[in-house]
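*Asks:* Sharing target02.tsv, TSV, C-alpha atoms:
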```
chain	number	residue	atom	x	y	z
A	1	MET	CA	-5.22	-83.00	30.53
A	2	PRO	CA	-2.03	-82.22	32.51
A	3	THR	CA	-0.84	-78.64	31.99
A	4	LYS	CA	2.63	-79.64	30.73
A	5	GLU	CA	1.08	-81.91	28.10
A	6	GLN	CA	-1.30	-79.13	27.08
A	7	LEU	CA	1.56	-76.64	26.72
A	8	LYS	CA	3.45	-79.18	24.61
A	9	GLN	CA	0.48	-79.53	22.26
A	10	PHE	CA	0.11	-75.76	21.87
A	11	LYS	CA	3.84	-75.49	21.19
A	12	GLU	CA	3.57	-78.09	18.43
A	13	LYS	CA	0.77	-76.06	16.80
A	14	VAL	CA	2.34	-72.62	17.09
A	15	ASP	CA	6.05	-73.32	16.42
A	16	PRO	CA	5.65	-74.04	12.68
A	17	VAL	CA	3.75	-70.74	12.32
A	18	ILE	CA	6.49	-68.87	14.20
A	19	ASP	CA	9.14	-70.35	11.90
A	20	GLU	CA	7.08	-69.54	8.81
A	21	VAL	CA	6.65	-65.90	9.78
A	22	LEU	CA	10.22	-65.34	10.96
A	23	ILE	CA	11.96	-66.70	7.87
A	24	SER	CA	9.59	-65.21	5.29
A	25	ASP	CA	11.50	-62.87	2.95
A	26	ILE	CA	14.79	-63.71	4.75
A	27	ASN	CA	17.86	-64.72	2.75
A	28	HIS	CA	18.45	-68.45	3.25
A	29	LYS	CA	22.02	-67.69	4.43
A	30	PHE	CA	20.66	-65.96	7.54
A	31	ARG	CA	17.75	-68.21	8.43
A	32	ASP	CA	19.61	-70.15	11.13
A	33	VAL	CA	20.54	-66.84	12.76
A	34	VAL	CA	16.94	-65.63	12.66
A	35	LYS	CA	15.65	-68.86	14.18
A	36	TYR	CA	18.31	-69.13	16.92
A	37	GLN	CA	16.49	-67.08	19.57
A	38	ILE	CA	13.16	-68.86	19.18
A	39	ALA	CA	14.90	-72.26	18.97
A	40	THR	CA	16.51	-71.85	22.40
A	41	GLY	CA	13.24	-73.11	23.87
A	42	GLY	CA	10.54	-71.76	26.11
A	43	LYS	CA	7.22	-73.13	27.33
A	44	ARG	CA	5.16	-70.97	24.92
A	45	LEU	CA	3.04	-69.73	27.82
A	46	ARG	CA	2.01	-66.58	25.97
A	47	PRO	CA	0.57	-68.23	22.86
A	48	ALA	CA	-1.04	-70.83	25.15
A	49	LEU	CA	-2.81	-68.05	27.03
A	50	ALA	CA	-3.98	-66.49	23.77
A	51	ILE	CA	-5.31	-69.80	22.42
A	52	MET	CA	-7.01	-70.77	25.70
A	53	SER	CA	-8.62	-67.33	25.99
A	54	CYS	CA	-9.89	-67.54	22.43
A	55	LYS	CA	-11.29	-71.05	22.91
A	56	LEU	CA	-12.85	-70.06	26.25
A	57	ALA	CA	-14.69	-67.26	24.45
A	58	ARG	CA	-16.00	-69.72	21.80
A	59	GLY	CA	-13.39	-68.79	19.18
A	60	ARG	CA	-11.71	-70.96	16.53
A	61	LEU	CA	-8.07	-72.02	16.56
A	62	ASN	CA	-7.52	-70.75	13.00
A	63	ASN	CA	-8.46	-67.23	14.09
A	64	ILE	CA	-5.87	-67.05	16.88
A	65	LEU	CA	-2.97	-69.20	15.67
A	66	TYR	CA	-1.03	-66.47	13.85
A	67	PRO	CA	-1.59	-63.73	16.47
A	68	ALA	CA	-0.56	-66.28	19.14
A	69	ALA	CA	2.66	-66.85	17.21
A	70	GLY	CA	3.09	-63.08	17.01
A	71	LEU	CA	2.84	-62.76	20.78
A	72	GLU	CA	5.62	-65.32	21.26
A	73	ILE	CA	7.78	-63.51	18.69
A	74	LEU	CA	7.08	-60.23	20.51
A	75	HIS	CA	8.15	-61.84	23.78
A	76	ASN	CA	11.38	-63.10	22.23
A	77	TYR	CA	12.06	-59.67	20.74
A	78	THR	CA	11.98	-58.23	24.26
A	79	LEU	CA	14.33	-60.99	25.46
A	80	ILE	CA	16.86	-60.16	22.73
A	81	VAL	CA	16.84	-56.49	23.75
A	82	ASP	CA	16.84	-57.32	27.47
A	83	ASP	CA	19.88	-59.59	27.11
A	84	ILE	CA	21.79	-56.91	25.21
A	85	ILE	CA	20.94	-54.25	27.82
A	86	ASP	CA	21.79	-56.50	30.78
A	87	HIS	CA	24.76	-58.22	29.10
A	88	GLY	CA	23.01	-61.53	29.84
A	89	LEU	CA	25.13	-64.55	28.96
A	90	LEU	CA	22.64	-67.42	29.29
A	91	ARG	CA	19.04	-67.79	28.28
A	92	ARG	CA	17.38	-71.19	28.80
A	93	ASN	CA	20.80	-72.72	29.49
A	94	LYS	CA	22.14	-71.59	26.09
A	95	PRO	CA	24.27	-68.62	25.04
A	96	THR	CA	22.15	-65.54	24.44
A	97	LEU	CA	21.80	-64.27	20.88
A	98	TRP	CA	24.29	-61.42	21.27
A	99	VAL	CA	26.84	-63.78	22.87
A	100	LYS	CA	26.40	-66.31	20.04
A	101	TYR	CA	26.48	-63.91	17.09
A	102	GLY	CA	27.59	-60.52	18.43
A	103	THR	CA	25.70	-57.37	19.43
A	104	SER	CA	25.36	-55.97	15.90
A	105	ILE	CA	23.73	-59.13	14.57
A	106	ALA	CA	21.49	-59.37	17.65
A	107	GLU	CA	20.27	-55.82	17.07
A	108	CYS	CA	19.46	-56.68	13.45
A	109	MET	CA	17.56	-59.76	14.58
A	110	ALA	CA	15.58	-57.68	17.06
A	111	VAL	CA	14.32	-55.55	14.15
A	112	ALA	CA	13.46	-58.68	12.16
A	113	TYR	CA	11.50	-60.06	15.12
A	114	VAL	CA	9.52	-56.93	15.85
A	115	SER	CA	8.55	-56.52	12.19
A	116	SER	CA	7.40	-60.14	12.12
A	117	VAL	CA	5.08	-59.48	15.04
A	118	PHE	CA	2.89	-57.16	12.98
A	119	GLN	CA	2.80	-59.56	10.02
A	120	THR	CA	0.86	-62.01	12.17
A	121	ALA	CA	-1.91	-59.49	12.87
A	122	ASN	CA	-2.87	-59.60	9.20
A	123	HIS	CA	-3.90	-63.24	9.67
A	124	SER	CA	-6.45	-62.37	12.36
A	125	PRO	CA	-10.19	-61.50	12.12
A	126	LYS	CA	-9.44	-57.97	13.39
A	127	PRO	CA	-5.97	-57.00	12.11
A	128	VAL	CA	-6.15	-53.30	13.01
A	129	LYS	CA	-7.25	-53.98	16.59
A	130	VAL	CA	-4.66	-56.72	17.07
A	131	SER	CA	-1.92	-54.46	15.67
A	132	ASP	CA	-2.98	-51.72	18.07
A	133	ILE	CA	-2.71	-54.13	21.01
A	134	PHE	CA	0.75	-55.21	19.84
A	135	SER	CA	1.87	-51.59	19.53
A	136	GLU	CA	0.50	-50.47	22.89
A	137	THR	CA	2.04	-53.47	24.62
A	138	LEU	CA	5.46	-52.88	23.09
A	139	LYS	CA	5.39	-49.28	24.30
A	140	LYS	CA	4.52	-50.37	27.83
A	141	ILE	CA	7.26	-52.99	27.92
A	142	MET	CA	10.12	-51.08	26.31
A	143	ALA	CA	9.36	-47.39	26.92
A	144	ASP	CA	8.11	-47.74	30.47
A	145	GLY	CA	8.78	-51.10	32.10
A	146	GLU	CA	12.28	-51.66	30.70
A	147	ILE	CA	13.41	-48.10	31.40
A	148	ASN	CA	12.25	-48.30	35.01
A	149	ASP	CA	13.93	-51.67	35.43
A	150	ILE	CA	17.19	-50.04	34.30
A	151	LEU	CA	16.67	-47.03	36.57
A	152	PHE	CA	16.12	-49.35	39.55
A	153	GLU	CA	19.64	-50.76	39.16
A	154	ARG	CA	21.76	-49.81	42.15
A	155	PHE	CA	24.99	-49.14	40.26
A	156	GLY	CA	26.54	-49.10	36.81
A	157	ARG	CA	25.90	-47.30	33.52
A	158	GLU	CA	27.78	-44.31	34.94
A	159	ASP	CA	28.44	-43.07	31.40
A	160	GLU	CA	24.67	-42.62	30.81
A	161	TYR	CA	23.62	-39.23	32.16
A	162	PHE	CA	19.85	-39.83	32.02
A	163	ILE	CA	20.16	-42.95	34.18
A	164	ARG	CA	22.47	-41.28	36.71
A	165	LYS	CA	20.09	-38.31	37.00
A	166	ASN	CA	16.84	-40.29	37.32
A	167	ARG	CA	17.90	-43.33	39.36
A	168	PRO	CA	15.84	-43.38	42.61
A	169	LYS	CA	17.72	-43.68	45.91
A	170	LEU	CA	15.31	-46.37	47.08
A	171	VAL	CA	12.92	-48.64	45.21
A	172	THR	CA	9.53	-49.01	46.91
A	173	GLN	CA	7.14	-51.94	46.60
A	174	SER	CA	4.61	-49.76	44.77
A	175	GLN	CA	7.30	-48.71	42.26
A	176	TYR	CA	8.21	-52.37	41.81
A	177	ILE	CA	4.57	-53.33	41.12
A	178	GLU	CA	4.24	-50.48	38.63
A	179	MET	CA	7.41	-51.61	36.85
A	180	ILE	CA	6.44	-55.29	36.52
A	181	SER	CA	2.91	-54.23	35.53
A	182	LYS	CA	4.40	-52.72	32.38
A	183	LYS	CA	7.44	-54.91	31.72
A	184	THR	CA	5.86	-58.32	32.37
A	185	ALA	CA	2.13	-58.26	33.14
A	186	SER	CA	1.17	-56.10	30.15
A	187	LEU	CA	2.18	-58.83	27.68
A	188	PHE	CA	0.23	-61.54	29.50
A	189	GLU	CA	-2.72	-59.17	29.57
A	190	ALA	CA	-2.35	-58.61	25.84
A	191	CYS	CA	-2.30	-62.37	25.18
A	192	CYS	CA	-5.69	-62.80	26.83
A	193	GLU	CA	-7.09	-59.68	25.19
A	194	VAL	CA	-5.99	-60.78	21.72
A	195	GLY	CA	-7.55	-64.18	22.35
A	196	GLY	CA	-10.86	-62.56	23.27
A	197	VAL	CA	-10.76	-60.11	20.36
A	198	CYS	CA	-10.06	-62.89	17.83
A	199	ALA	CA	-12.96	-64.90	19.28
A	200	GLY	CA	-15.36	-61.98	18.97
A	201	ALA	CA	-15.94	-61.92	22.73
A	202	THR	CA	-18.07	-59.29	24.45
A	203	LYS	CA	-16.47	-56.22	26.03
A	204	ARG	CA	-17.14	-57.61	29.50
A	205	GLU	CA	-15.55	-60.96	28.60
A	206	ILE	CA	-12.50	-59.23	27.13
A	207	GLN	CA	-12.09	-57.11	30.26
A	208	ASN	CA	-12.23	-60.19	32.49
A	209	LEU	CA	-9.72	-61.96	30.26
A	210	LYS	CA	-7.43	-58.93	30.49
A	211	ASP	CA	-7.77	-58.89	34.28
A	212	PHE	CA	-6.88	-62.57	34.40
A	213	GLY	CA	-3.81	-62.08	32.20
A	214	PHE	CA	-2.61	-59.01	34.09
A	215	ASN	CA	-2.67	-60.67	37.52
A	216	PHE	CA	-1.30	-63.88	36.03
A	217	GLY	CA	1.63	-61.81	34.74
A	218	LEU	CA	2.28	-60.16	38.10
A	219	ALA	CA	2.38	-63.59	39.76
A	220	PHE	CA	4.67	-64.88	37.01
A	221	GLN	CA	7.22	-62.11	37.63
A	222	VAL	CA	7.11	-62.53	41.41
A	223	ARG	CA	7.84	-66.23	40.91
A	224	ASP	CA	10.68	-65.31	38.52
A	225	ASP	CA	12.20	-63.09	41.23
A	226	ILE	CA	11.99	-65.92	43.76
A	227	LEU	CA	13.67	-68.36	41.36
A	228	ASP	CA	16.43	-65.85	40.63
A	229	ILE	CA	17.47	-65.97	44.28
A	230	PHE	CA	16.44	-69.48	45.34
A	231	GLY	CA	16.09	-71.48	42.11
A	232	ASP	CA	18.04	-74.38	40.65
A	233	VAL	CA	20.25	-73.24	37.78
A	234	GLU	CA	19.69	-76.48	35.84
A	235	LYS	CA	15.91	-76.08	35.99
A	236	PHE	CA	15.75	-72.28	35.82
A	237	GLY	CA	18.04	-71.92	32.82
A	238	LYS	CA	19.70	-68.74	34.12
A	239	HIS	CA	22.41	-67.90	36.60
A	240	ILE	CA	21.09	-67.95	40.14
A	241	GLY	CA	21.60	-64.51	41.64
A	242	LYS	CA	21.57	-62.89	38.20
A	243	ASP	CA	19.58	-59.94	39.60
A	244	ILE	CA	22.24	-59.43	42.27
A	245	GLU	CA	24.99	-59.63	39.66
A	246	GLU	CA	23.13	-57.08	37.54
A	247	ARG	CA	22.52	-54.89	40.64
A	248	LYS	CA	18.75	-55.02	40.16
A	249	GLY	CA	16.79	-53.08	42.75
A	250	GLY	CA	13.55	-54.31	41.22
A	251	ASN	CA	13.43	-57.81	42.70
A	252	ILE	CA	10.64	-58.35	45.23
A	253	VAL	CA	12.67	-60.83	47.30
A	254	LEU	CA	15.43	-58.27	47.80
A	255	LEU	CA	12.89	-55.56	48.59
A	256	PHE	CA	11.23	-57.71	51.26
A	257	ALA	CA	14.65	-58.67	52.67
A	258	PHE	CA	15.70	-55.02	53.00
A	259	GLN	CA	12.64	-54.43	55.19
A	260	GLU	CA	14.03	-56.88	57.77
A	261	LEU	CA	17.82	-56.65	57.52
A	262	ASN	CA	19.69	-54.45	59.98
A	263	LYS	CA	21.67	-51.43	58.87
A	264	LYS	CA	24.99	-53.27	58.77
A	265	GLN	CA	23.58	-56.10	56.66
A	266	LYS	CA	21.93	-53.70	54.21
A	267	GLN	CA	25.12	-51.70	53.88
A	268	ARG	CA	26.99	-54.92	53.10
A	269	ILE	CA	24.57	-55.77	50.29
A	270	TYR	CA	24.73	-52.22	48.92
A	271	SER	CA	28.54	-52.33	48.98
A	272	ILE	CA	28.52	-55.60	47.01
A	273	MET	CA	26.01	-54.34	44.45
A	274	LYS	CA	28.11	-51.22	43.87
A	275	LYS	CA	31.19	-53.19	42.88
A	276	LYS	CA	32.27	-53.11	39.26
A	277	LYS	CA	32.74	-56.89	39.33
A	278	ILE	CA	30.71	-59.04	41.71
A	279	LYS	CA	32.18	-62.43	42.60
A	280	GLN	CA	30.16	-65.62	42.92
A	281	THR	CA	31.14	-65.83	46.60
A	282	GLU	CA	29.64	-62.36	47.12
A	283	ILE	CA	26.41	-63.38	45.35
A	284	LYS	CA	26.19	-66.36	47.72
A	285	GLU	CA	26.81	-64.03	50.65
A	286	VAL	CA	23.86	-61.83	49.63
A	287	ILE	CA	21.64	-64.89	49.16
A	288	ASN	CA	22.60	-66.14	52.62
A	289	LEU	CA	21.65	-62.79	54.15
A	290	VAL	CA	18.33	-62.83	52.31
A	291	SER	CA	17.73	-66.44	53.41
A	292	GLY	CA	17.82	-65.31	57.03
A	293	THR	CA	14.69	-63.19	56.51
A	294	ASN	CA	11.05	-63.93	55.72
A	295	ALA	CA	11.46	-62.47	52.22
A	296	ARG	CA	10.90	-65.77	50.43
A	297	LYS	CA	7.68	-66.52	52.34
A	298	LYS	CA	6.38	-62.99	51.76
A	299	ALA	CA	7.13	-63.19	48.03
A	300	ILE	CA	5.39	-66.57	47.73
A	301	LYS	CA	2.36	-65.15	49.52
A	302	LEU	CA	2.29	-62.12	47.20
A	303	GLY	CA	2.43	-64.38	44.13
A	304	GLU	CA	-0.43	-66.48	45.49
A	305	LYS	CA	-2.44	-63.31	46.09
A	306	PHE	CA	-2.09	-62.27	42.44
A	307	ILE	CA	-2.97	-65.76	41.21
A	308	GLN	CA	-6.12	-65.76	43.32
A	309	LYS	CA	-7.10	-62.40	41.83
A	310	ALA	CA	-6.52	-63.85	38.37
A	311	LYS	CA	-8.68	-66.89	39.11
A	312	ASN	CA	-11.42	-64.65	40.52
A	313	SER	CA	-11.77	-63.11	37.04
A	314	LEU	CA	-12.56	-66.53	35.60
A	315	VAL	CA	-15.77	-66.69	37.64
A	316	HIS	CA	-17.29	-64.08	35.30
A	317	LEU	CA	-16.33	-65.98	32.13
A	318	PRO	CA	-17.99	-68.97	30.38
A	319	ASN	CA	-17.73	-72.05	32.58
A	320	ASN	CA	-16.23	-74.51	30.12
A	321	LYS	CA	-13.16	-76.75	30.00
A	322	TRP	CA	-10.97	-73.85	28.87
A	323	ASN	CA	-11.91	-71.89	31.98
A	324	LYS	CA	-10.58	-74.77	34.07
A	325	SER	CA	-7.48	-75.03	31.87
A	326	LEU	CA	-6.67	-71.37	32.56
A	327	ALA	CA	-7.14	-71.93	36.28
A	328	ASP	CA	-4.83	-74.97	36.13
A	329	LEU	CA	-2.26	-72.94	34.18
A	330	ALA	CA	-2.37	-70.25	36.87
A	331	ASP	CA	-1.64	-72.83	39.57
A	332	PHE	CA	1.15	-74.28	37.43
A	333	VAL	CA	2.84	-70.90	36.99
A	334	VAL	CA	2.85	-69.92	40.65
A	335	ALA	CA	4.52	-73.23	41.57
A	336	ARG	CA	6.94	-73.49	38.63
A	337	THR	CA	10.65	-74.22	39.04
A	338	SER	CA	11.74	-73.05	35.58
```
Rewrite the structure from the file as structure tokens, please.
*Replies:*
Amino acid sequence: MPTKEQLKQFKEKVDPVIDEVLISDINHKFRDVVKYQIATGGKRLRPALAIMSCKLARGRLNNILYPAAGLEILHNYTLIVDDIIDHGLLRRNKPTLWVKYGTSIAECMAVAYVSSVFQTANHSPKPVKVSDIFSETLKKIMADGEINDILFERFGREDEYFIRKNRPKLVTQSQYIEMISKKTASLFEACCEVGGVCAGATKREIQNLKDFGFNFGLAFQVRDDILDIFGDVEKFGKHIGKDIEERKGGNIVLLFAFQELNKKQKQRIYSIMKKKKIKQTEIKEVINLVSGTNARKKAIKLGEKFIQKAKNSLVHLPNNKWNKSLADLADFVVARTS
């Protein structure tokens, strides 16, 4: 079955559960607000990973459906917070939640989302273990990955003393990998782990599923960085050059480009990223400078390396149709345009 068709089928199964959980105990007047973030779209990659992992490990759909929904709600909770922090205007080609309803309402919705996440664990065979995974993952994303992503910004937030004091002068590739390990890869890892746990998989199987999800997540973020600089806005659903506009130092394409650019070119990029307001013409100028390097090729190669590591983990797992589906999904992600 083609991967896009498979993702569509998983989405059809998990979306009603997401809606059910999100609007439970919510005043009917606010239900459209609660559902706005999740209704903006998304491929539902995270619940798909959880379901595939569970099925690969001989589990039943009923045992993973609610936790899978919880993982997508958790993901969207982080997007709500991320968009508020970064002042993001578009998400999947639609106004972000805080733009649509205001920051105060978006913050309230974030609380509603994160509380809903833990409701779903109660519908799993191992609610305590699943809740623990949710909790640990949230800490990695928000208290480690997100903070480092903010600290890696090259300018801004001058009124926040902690950020000014702890912002590194340079961002290294190892620091970048550590950051995306927490902010992005940890959730994909959790999806595969939850799938294995709900299937009653062995410790060895769960570890291999986690390894697959972790490297899958690293490749996903590398691809996201590439699309931010070289993507198509209509397909990507975000502004191209958003990381430049937000002065992000934690983009692998920019890091690779800085390794090749001469001093004058690097100084020009730094001067642009330190402006209070960056113009679209300046974003294009940075992209043109980056395009003159091998940064894109290096980033693609790095993403392919992580995907291969992910697929290597599948060798140690049951050789069934779901194993192949995960391998196909890995190939799909590293070549995606949105």
*Asks:* Pick from A:Glu205, A:Glu153, A:Asp211, A:Asp19: nearest to Ile38 of chain A, with only C-alpha atoms counted?
*Replies:* A:Asp19
*Asks:* List the neighbours of Ser24 of chain A out to 12 Å using only C-alpha atoms; skip same-chain residues closer than 3 positions along the sequence, and give me the result as a list in words.
*Replies:*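 In the requested format, the answer is Val17, Ile18, Asp19, Glu20, Val21, Asn27, His28, Phe30, Arg31, Val34, Lys35, Ala112, Tyr113, Ser115, Ser116, Gln119 and Thr120 of chain A.
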*Asks:* Could you dump the residues just selected with C-alpha atoms as a PDB file, keeping the file's coordinate frame?
*Replies:*
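As written to disk, selection_16.pdb reads:
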```
ATOM      1  CA  VAL A  17       3.750 -70.740  12.320  1.00  0.00           C
ATOM      2  CA  ILE A  18       6.490 -68.870  14.200  1.00  0.00           C
ATOM      3  CA  ASP A  19       9.140 -70.350  11.900  1.00  0.00           C
ATOM      4  CA  GLU A  20       7.080 -69.540   8.810  1.00  0.00           C
ATOM      5  CA  VAL A  21       6.650 -65.900   9.780  1.00  0.00           C
ATOM      6  CA  ASN A  27      17.860 -64.720   2.750  1.00  0.00           C
ATOM      7  CA  HIS A  28      18.450 -68.450   3.250  1.00  0.00           C
ATOM      8  CA  PHE A  30      20.660 -65.960   7.540  1.00  0.00           C
ATOM      9  CA  ARG A  31      17.750 -68.210   8.430  1.00  0.00           C
ATOM     10  CA  VAL A  34      16.940 -65.630  12.660  1.00  0.00           C
ATOM     11  CA  LYS A  35      15.650 -68.860  14.180  1.00  0.00           C
ATOM     12  CA  ALA A 112      13.460 -58.680  12.160  1.00  0.00           C
ATOM     13  CA  TYR A 113      11.500 -60.060  15.120  1.00  0.00           C
ATOM     14  CA  SER A 115       8.550 -56.520  12.190  1.00  0.00           C
ATOM     15  CA  SER A 116       7.400 -60.140  12.120  1.00  0.00           C
ATOM     16  CA  GLN A 119       2.800 -59.560  10.020  1.00  0.00           C
ATOM     17  CA  THR A 120       0.860 -62.010  12.170  1.00  0.00           C
TER      18      THR A 120
END
```
*Asks:* Between atom CA of Ile133 of chain A and atom CA of Gln221 of chain A, what is the distance, to one decimal in Å?
*Replies:*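 Straight-line distance from atom CA of Ile133 of chain A to atom CA of Gln221 of chain A works out to 20.9 Å.
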*Asks:* Between atom CA of Asp144 of chain A and atom CA of Glu178 of chain A, measure the distance and give it in Å to one decimal.
*Replies:*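 Going from atom CA of Asp144 of chain A over to atom CA of Glu178 of chain A covers 9.4 Å.
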*Asks:* What lies within 10 Å of Leu326 of chain A using all atoms listed in the file, ignoring chain neighbours under 6 positions off, as an MDAnalysis selection string?
*Replies:* chainID A and resid 3 48:49 52:53 56 212:213 216 310:311 314 332
*Asks:* As an exercise, work out the distance from atom CA of Lys276 of chain A to atom CA of Lys242 of chain A in Å and give it to one decimal place.
*Replies:* 14.5 Å
*Asks:* I need every residue sitting at most 10 Å from the point (-3.5, -60.3, 28.9) (coordinates as in the file, all atoms listed in the file considered), written as a list of chain:residue names.
*Replies:* A:Arg46, A:Leu49, A:Ala50, A:Ser53, A:Thr137, A:Ala185, A:Ser186, A:Leu187, A:Phe188, A:Glu189, A:Ala190, A:Cys191, A:Cys192, A:Glu193, A:Val194, A:Gly195, A:Gly196, A:Ile206, A:Gln207, A:Asn208, A:Leu209, A:Lys210, A:Asp211, A:Phe212, A:Gly213, A:Phe214, A:Asn215, A:Phe216, A:Gly217
*Asks:* Name the closest residue to Gly156 of chain A among the candidates A:Ile307, A:Arg44, A:Lys279, A:Glu246; distances are taken between atoms, counting all atoms listed in the file.
*Replies:*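 Of all the options, A:Glu246 lies closest to Gly156 of chain A.
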*Asks:* Lys277 of chain A: which residues within 12 Å, counting all atoms listed in the file, same-chain residues fewer than 2 positions away excluded, as a list of chain:residue names?
*Replies:*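 Result of the neighbour search: A:Phe155, A:Gly156, A:Ile244, A:Glu245, A:Glu246, A:Arg247, A:Ser271, A:Ile272, A:Met273, A:Lys274, A:Lys275, A:Lys279, A:Gln280, A:Thr281, A:Glu282, A:Ile283.
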*Asks:* Is there a way to get, as a compact mmCIF listing (two decimals) with C-alpha atoms, in the coordinates of the input, all residues within 9 Å of the point (21.3, -67.0, 41.7) in file coordinates, counting only C-alpha atoms?
*Replies:*
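Written output follows (point06.txt):
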```txt
# COMPACT_ATOMS: atom_id res chain seq x y z
CA LEU A 227 13.67 -68.36 41.36
CA ASP A 228 16.43 -65.85 40.63
CA ILE A 229 17.47 -65.97 44.28
CA PHE A 230 16.44 -69.48 45.34
CA GLY A 231 16.09 -71.48 42.11
CA ASP A 232 18.04 -74.38 40.65
CA VAL A 233 20.25 -73.24 37.78
CA LYS A 238 19.70 -68.74 34.12
CA HIS A 239 22.41 -67.90 36.60
CA ILE A 240 21.09 -67.95 40.14
CA GLY A 241 21.60 -64.51 41.64
CA LYS A 242 21.57 -62.89 38.20
CA ASP A 243 19.58 -59.94 39.60
CA ILE A 244 22.24 -59.43 42.27
CA GLU A 245 24.99 -59.63 39.66
CA ILE A 283 26.41 -63.38 45.35
CA LYS A 284 26.19 -66.36 47.72
CA ILE A 287 21.64 -64.89 49.16
```
*Asks:* Under the rule that all atoms listed in the file are counted, which of A:Thr184, A:Thr96, A:Asn251, A:Asn76 is the nearest residue to Phe220 of chain A?
*Replies:* A:Thr184
*Asks:* Out of A:Asp25, A:Asp86, A:Asp15, A:Glu160, which residue has the shortest atom-to-atom distance to Gly41 of chain A when counting all atoms listed in the file?
*Replies:*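 Using all atoms listed in the file, Gly41 of chain A sits closest to A:Asp15.
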*Asks:* Rank nothing, just name the residue among A:Val114, A:Ala219, A:Ile278, A:Met109 nearest to Gly70 of chain A, using all atoms listed in the file.
*Replies:*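 So, comparing all the options, the nearest one is A:Val114.
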*Asks:* Under the rule that only C-alpha atoms are counted, which of A:Arg223, A:Lys13, A:Lys301, A:Lys165 is the nearest residue to Ala335 of chain A?
*Replies:* A:Arg223
*Asks:* Tell me, as a PyMOL selection string, which residues lie within 8 Å of Leu71 of chain A, counting all atoms listed in the file; anything in the same chain fewer than 3 positions away does not count.
*Replies:* chain A and resi 46-47+67-68+74-75+117+134+187+191
